[in-house]
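For reference, the structure is listed below as structure tokens.
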Amino acid sequence: MNDNLKFAIEELDYLMKRVARVHGHEHPELIEISDEYDEFKANLLNNKDLALKMLNSFKTKTNDFTLPADACQAYERVFKAFKIIENELE
């Protein structure tokens, strides 16, 4: 696993559930993504095709990881981490 991918996973491990808890009432897609994150992470390490499909689903749910007006810095870091993973899988 390269350093970029490792960094992105560490960011998501640290922030995903927290951001979903804080912003999920206004952005329920974050709760869905958070609920699927552990499966996504496992697939990222073992089944890249399935991980890519899940990532595409996350992109659809978030309008291509577009930040809403009420996004905090942690929210921004979560989306940045997903974009790093996307770049690494391409």
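Lettering and numbering for the structure tokens are positional, with chains as A, B, ... in the shown order, residues counted from 1 in each chain, and ligands counted from 1 in the shown order.
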
Polymer residues at most 9 Å from Glu29 (chain A), only C-alpha atoms, same-chain spacing of 5 or more positions, as a count of residues only: 6

Quick one: everything within 9 Å of Lys17 (chain A), counting only C-alpha atoms, minus sequence neighbours fewer than 6 positions away in the same chain. Send it as a PyMOL selection string. chain A and resi 30-31+34-35+37

Residues from the last selection, N, CA and C atoms, saved as a short mmCIF file (atom, residue, chain, number, x, y, z; two decimals), in the first residue's frame:
```cif
data_model
loop_
_atom_site.label_atom_id
_atom_site.label_comp_id
_atom_site.auth_asym_id
_atom_site.auth_seq_id
_atom_site.Cartn_x
_atom_site.Cartn_y
_atom_site.Cartn_z
N LEU A 30 -24.08 10.75 4.55
CA LEU A 30 -22.87 10.50 5.34
C LEU A 30 -23.06 9.30 6.27
N ILE A 31 -24.25 9.15 6.79
CA ILE A 31 -24.53 7.99 7.65
C ILE A 31 -24.47 6.71 6.83
N SER A 34 -20.82 6.06 6.09
CA SER A 34 -20.16 5.62 7.33
C SER A 34 -20.50 4.17 7.65
N ASP A 35 -21.76 3.81 7.46
CA ASP A 35 -22.19 2.43 7.72
C ASP A 35 -21.51 1.43 6.78
N TYR A 37 -18.44 2.01 5.40
CA TYR A 37 -17.01 2.29 5.34
C TYR A 37 -16.14 1.06 5.65
#
```

Extract, using only C-alpha atoms, all DNA, RNA and protein residues at most 12 Å from Met16 (chain A), discarding same-chain residues fewer than 5 positions from it, and format them as a PDB file with N, CA, C and O atoms, in the first residue's frame.
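Generated output (around-v7.pdb):
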```
ATOM      1  N   ALA A   8      -4.913   8.333   3.364  1.00  0.00           N
ATOM      2  CA  ALA A   8      -6.359   8.493   3.169  1.00  0.00           C
ATOM      3  C   ALA A   8      -7.144   7.562   4.087  1.00  0.00           C
ATOM      4  O   ALA A   8      -8.142   7.974   4.689  1.00  0.00           O
ATOM      5  N   ILE A   9      -6.709   6.326   4.205  1.00  0.00           N
ATOM      6  CA  ILE A   9      -7.394   5.375   5.083  1.00  0.00           C
ATOM      7  C   ILE A   9      -7.302   5.830   6.537  1.00  0.00           C
ATOM      8  O   ILE A   9      -8.289   5.766   7.281  1.00  0.00           O
ATOM      9  N   GLU A  10      -6.142   6.305   6.947  1.00  0.00           N
ATOM     10  CA  GLU A  10      -5.992   6.792   8.323  1.00  0.00           C
ATOM     11  C   GLU A  10      -6.913   7.982   8.585  1.00  0.00           C
ATOM     12  O   GLU A  10      -7.520   8.081   9.657  1.00  0.00           O
ATOM     13  N   GLU A  11      -7.026   8.891   7.625  1.00  0.00           N
ATOM     14  CA  GLU A  11      -7.939  10.029   7.764  1.00  0.00           C
ATOM     15  C   GLU A  11      -9.379   9.549   7.930  1.00  0.00           C
ATOM     16  O   GLU A  11     -10.105  10.021   8.811  1.00  0.00           O
ATOM     17  N   ARG A  21     -21.703  11.484  12.430  1.00  0.00           N
ATOM     18  CA  ARG A  21     -22.466  11.756  13.653  1.00  0.00           C
ATOM     19  C   ARG A  21     -22.840  13.243  13.750  1.00  0.00           C
ATOM     20  O   ARG A  21     -23.965  13.595  14.089  1.00  0.00           O
ATOM     21  N   VAL A  22     -21.914  14.123  13.412  1.00  0.00           N
ATOM     22  CA  VAL A  22     -22.151  15.557  13.542  1.00  0.00           C
ATOM     23  C   VAL A  22     -23.037  16.098  12.424  1.00  0.00           C
ATOM     24  O   VAL A  22     -23.925  16.917  12.667  1.00  0.00           O
ATOM     25  N   HIS A  23     -22.813  15.645  11.194  1.00  0.00           N
ATOM     26  CA  HIS A  23     -23.502  16.217  10.039  1.00  0.00           C
ATOM     27  C   HIS A  23     -24.594  15.311   9.453  1.00  0.00           C
ATOM     28  O   HIS A  23     -25.304  15.741   8.538  1.00  0.00           O
ATOM     29  N   GLY A  24     -24.723  14.106   9.958  1.00  0.00           N
ATOM     30  CA  GLY A  24     -25.648  13.144   9.368  1.00  0.00           C
ATOM     31  C   GLY A  24     -27.104  13.552   9.401  1.00  0.00           C
ATOM     32  O   GLY A  24     -27.871  13.182   8.514  1.00  0.00           O
ATOM     33  N   GLU A  29     -26.665  10.997   3.692  1.00  0.00           N
ATOM     34  CA  GLU A  29     -25.763  10.176   2.880  1.00  0.00           C
ATOM     35  C   GLU A  29     -24.467   9.872   3.639  1.00  0.00           C
ATOM     36  O   GLU A  29     -23.858   8.821   3.431  1.00  0.00           O
ATOM     37  N   LEU A  30     -24.080  10.754   4.549  1.00  0.00           N
ATOM     38  CA  LEU A  30     -22.874  10.498   5.343  1.00  0.00           C
ATOM     39  C   LEU A  30     -23.058   9.303   6.270  1.00  0.00           C
ATOM     40  O   LEU A  30     -22.116   8.545   6.497  1.00  0.00           O
ATOM     41  N   ILE A  31     -24.253   9.148   6.787  1.00  0.00           N
ATOM     42  CA  ILE A  31     -24.533   7.994   7.654  1.00  0.00           C
ATOM     43  C   ILE A  31     -24.466   6.715   6.832  1.00  0.00           C
ATOM     44  O   ILE A  31     -23.875   5.723   7.267  1.00  0.00           O
ATOM     45  N   GLU A  32     -25.027   6.744   5.640  1.00  0.00           N
ATOM     46  CA  GLU A  32     -24.968   5.571   4.756  1.00  0.00           C
ATOM     47  C   GLU A  32     -23.524   5.209   4.432  1.00  0.00           C
ATOM     48  O   GLU A  32     -23.138   4.036   4.491  1.00  0.00           O
ATOM     49  N   ILE A  33     -22.729   6.203   4.078  1.00  0.00           N
ATOM     50  CA  ILE A  33     -21.329   5.952   3.734  1.00  0.00           C
ATOM     51  C   ILE A  33     -20.570   5.453   4.956  1.00  0.00           C
ATOM     52  O   ILE A  33     -19.781   4.514   4.862  1.00  0.00           O
ATOM     53  N   SER A  34     -20.820   6.056   6.087  1.00  0.00           N
ATOM     54  CA  SER A  34     -20.160   5.622   7.325  1.00  0.00           C
ATOM     55  C   SER A  34     -20.498   4.170   7.650  1.00  0.00           C
ATOM     56  O   SER A  34     -19.626   3.396   8.044  1.00  0.00           O
ATOM     57  N   ASP A  35     -21.759   3.808   7.457  1.00  0.00           N
ATOM     58  CA  ASP A  35     -22.188   2.427   7.719  1.00  0.00           C
ATOM     59  C   ASP A  35     -21.511   1.433   6.783  1.00  0.00           C
ATOM     60  O   ASP A  35     -21.309   0.274   7.138  1.00  0.00           O
ATOM     61  N   GLU A  36     -21.147   1.881   5.583  1.00  0.00           N
ATOM     62  CA  GLU A  36     -20.519   1.007   4.585  1.00  0.00           C
ATOM     63  C   GLU A  36     -18.996   1.110   4.588  1.00  0.00           C
ATOM     64  O   GLU A  36     -18.319   0.375   3.862  1.00  0.00           O
ATOM     65  N   TYR A  37     -18.444   2.010   5.403  1.00  0.00           N
ATOM     66  CA  TYR A  37     -17.010   2.287   5.339  1.00  0.00           C
ATOM     67  C   TYR A  37     -16.143   1.063   5.653  1.00  0.00           C
ATOM     68  O   TYR A  37     -15.154   0.809   4.957  1.00  0.00           O
ATOM     69  N   ASP A  38     -16.468   0.317   6.689  1.00  0.00           N
ATOM     70  CA  ASP A  38     -15.634  -0.842   7.046  1.00  0.00           C
ATOM     71  C   ASP A  38     -15.587  -1.857   5.907  1.00  0.00           C
ATOM     72  O   ASP A  38     -14.522  -2.418   5.618  1.00  0.00           O
ATOM     73  N   LYS A  41     -13.377  -0.380   3.191  1.00  0.00           N
ATOM     74  CA  LYS A  41     -11.958  -0.491   3.551  1.00  0.00           C
ATOM     75  C   LYS A  41     -11.452  -1.912   3.329  1.00  0.00           C
ATOM     76  O   LYS A  41     -10.369  -2.114   2.774  1.00  0.00           O
ATOM     77  N   ALA A  74     -13.233  18.951   9.141  1.00  0.00           N
ATOM     78  CA  ALA A  74     -13.193  17.487   9.176  1.00  0.00           C
ATOM     79  C   ALA A  74     -13.969  16.894   8.001  1.00  0.00           C
ATOM     80  O   ALA A  74     -13.528  15.923   7.378  1.00  0.00           O
ATOM     81  N   TYR A  75     -15.109  17.484   7.692  1.00  0.00           N
ATOM     82  CA  TYR A  75     -15.926  17.058   6.543  1.00  0.00           C
ATOM     83  C   TYR A  75     -15.093  17.181   5.269  1.00  0.00           C
ATOM     84  O   TYR A  75     -15.053  16.281   4.431  1.00  0.00           O
ATOM     85  N   GLU A  76     -14.407  18.301   5.130  1.00  0.00           N
ATOM     86  CA  GLU A  76     -13.546  18.534   3.969  1.00  0.00           C
ATOM     87  C   GLU A  76     -12.432  17.487   3.896  1.00  0.00           C
ATOM     88  O   GLU A  76     -12.112  16.983   2.816  1.00  0.00           O
ATOM     89  N   ARG A  77     -11.862  17.150   5.024  1.00  0.00           N
ATOM     90  CA  ARG A  77     -10.790  16.139   5.054  1.00  0.00           C
ATOM     91  C   ARG A  77     -11.304  14.763   4.640  1.00  0.00           C
ATOM     92  O   ARG A  77     -10.597  14.006   3.976  1.00  0.00           O
ATOM     93  N   VAL A  78     -12.535  14.431   5.026  1.00  0.00           N
ATOM     94  CA  VAL A  78     -13.126  13.155   4.621  1.00  0.00           C
ATOM     95  C   VAL A  78     -13.258  13.091   3.103  1.00  0.00           C
ATOM     96  O   VAL A  78     -12.853  12.115   2.468  1.00  0.00           O
ATOM     97  N   PHE A  79     -13.807  14.121   2.506  1.00  0.00           N
ATOM     98  CA  PHE A  79     -13.980  14.113   1.053  1.00  0.00           C
ATOM     99  C   PHE A  79     -12.633  14.123   0.339  1.00  0.00           C
ATOM    100  O   PHE A  79     -12.459  13.481  -0.688  1.00  0.00           O
ATOM    101  N   LYS A  80     -11.667  14.854   0.878  1.00  0.00           N
ATOM    102  CA  LYS A  80     -10.326  14.866   0.291  1.00  0.00           C
ATOM    103  C   LYS A  80      -9.721  13.457   0.327  1.00  0.00           C
ATOM    104  O   LYS A  80      -9.101  13.021  -0.640  1.00  0.00           O
ATOM    105  N   ALA A  81      -9.927  12.743   1.425  1.00  0.00           N
ATOM    106  CA  ALA A  81      -9.401  11.378   1.546  1.00  0.00           C
ATOM    107  C   ALA A  81     -10.038  10.460   0.502  1.00  0.00           C
ATOM    108  O   ALA A  81      -9.342   9.655  -0.129  1.00  0.00           O
ATOM    109  N   PHE A  82     -11.344  10.585   0.301  1.00  0.00           N
ATOM    110  CA  PHE A  82     -11.993   9.762  -0.731  1.00  0.00           C
ATOM    111  C   PHE A  82     -11.460  10.102  -2.121  1.00  0.00           C
ATOM    112  O   PHE A  82     -11.279   9.225  -2.959  1.00  0.00           O
TER     113      PHE A  82
END
```

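Residue nearest Ala51 (chain A) within the list A:Glu39, A:Met1, A:Phe7, A:Leu67: A:Glu39 [criterion: smallest interatomic distance, only C-alpha atoms].
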
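Computed from the coordinates, the CA of Arg18 (chain A) to CA of Cys72 (chain A) distance equals 11.5 Å.
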
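Atom pair CA of Asp3 (chain A) / CA of Glu90 (chain A): separated by 15.8 Å.
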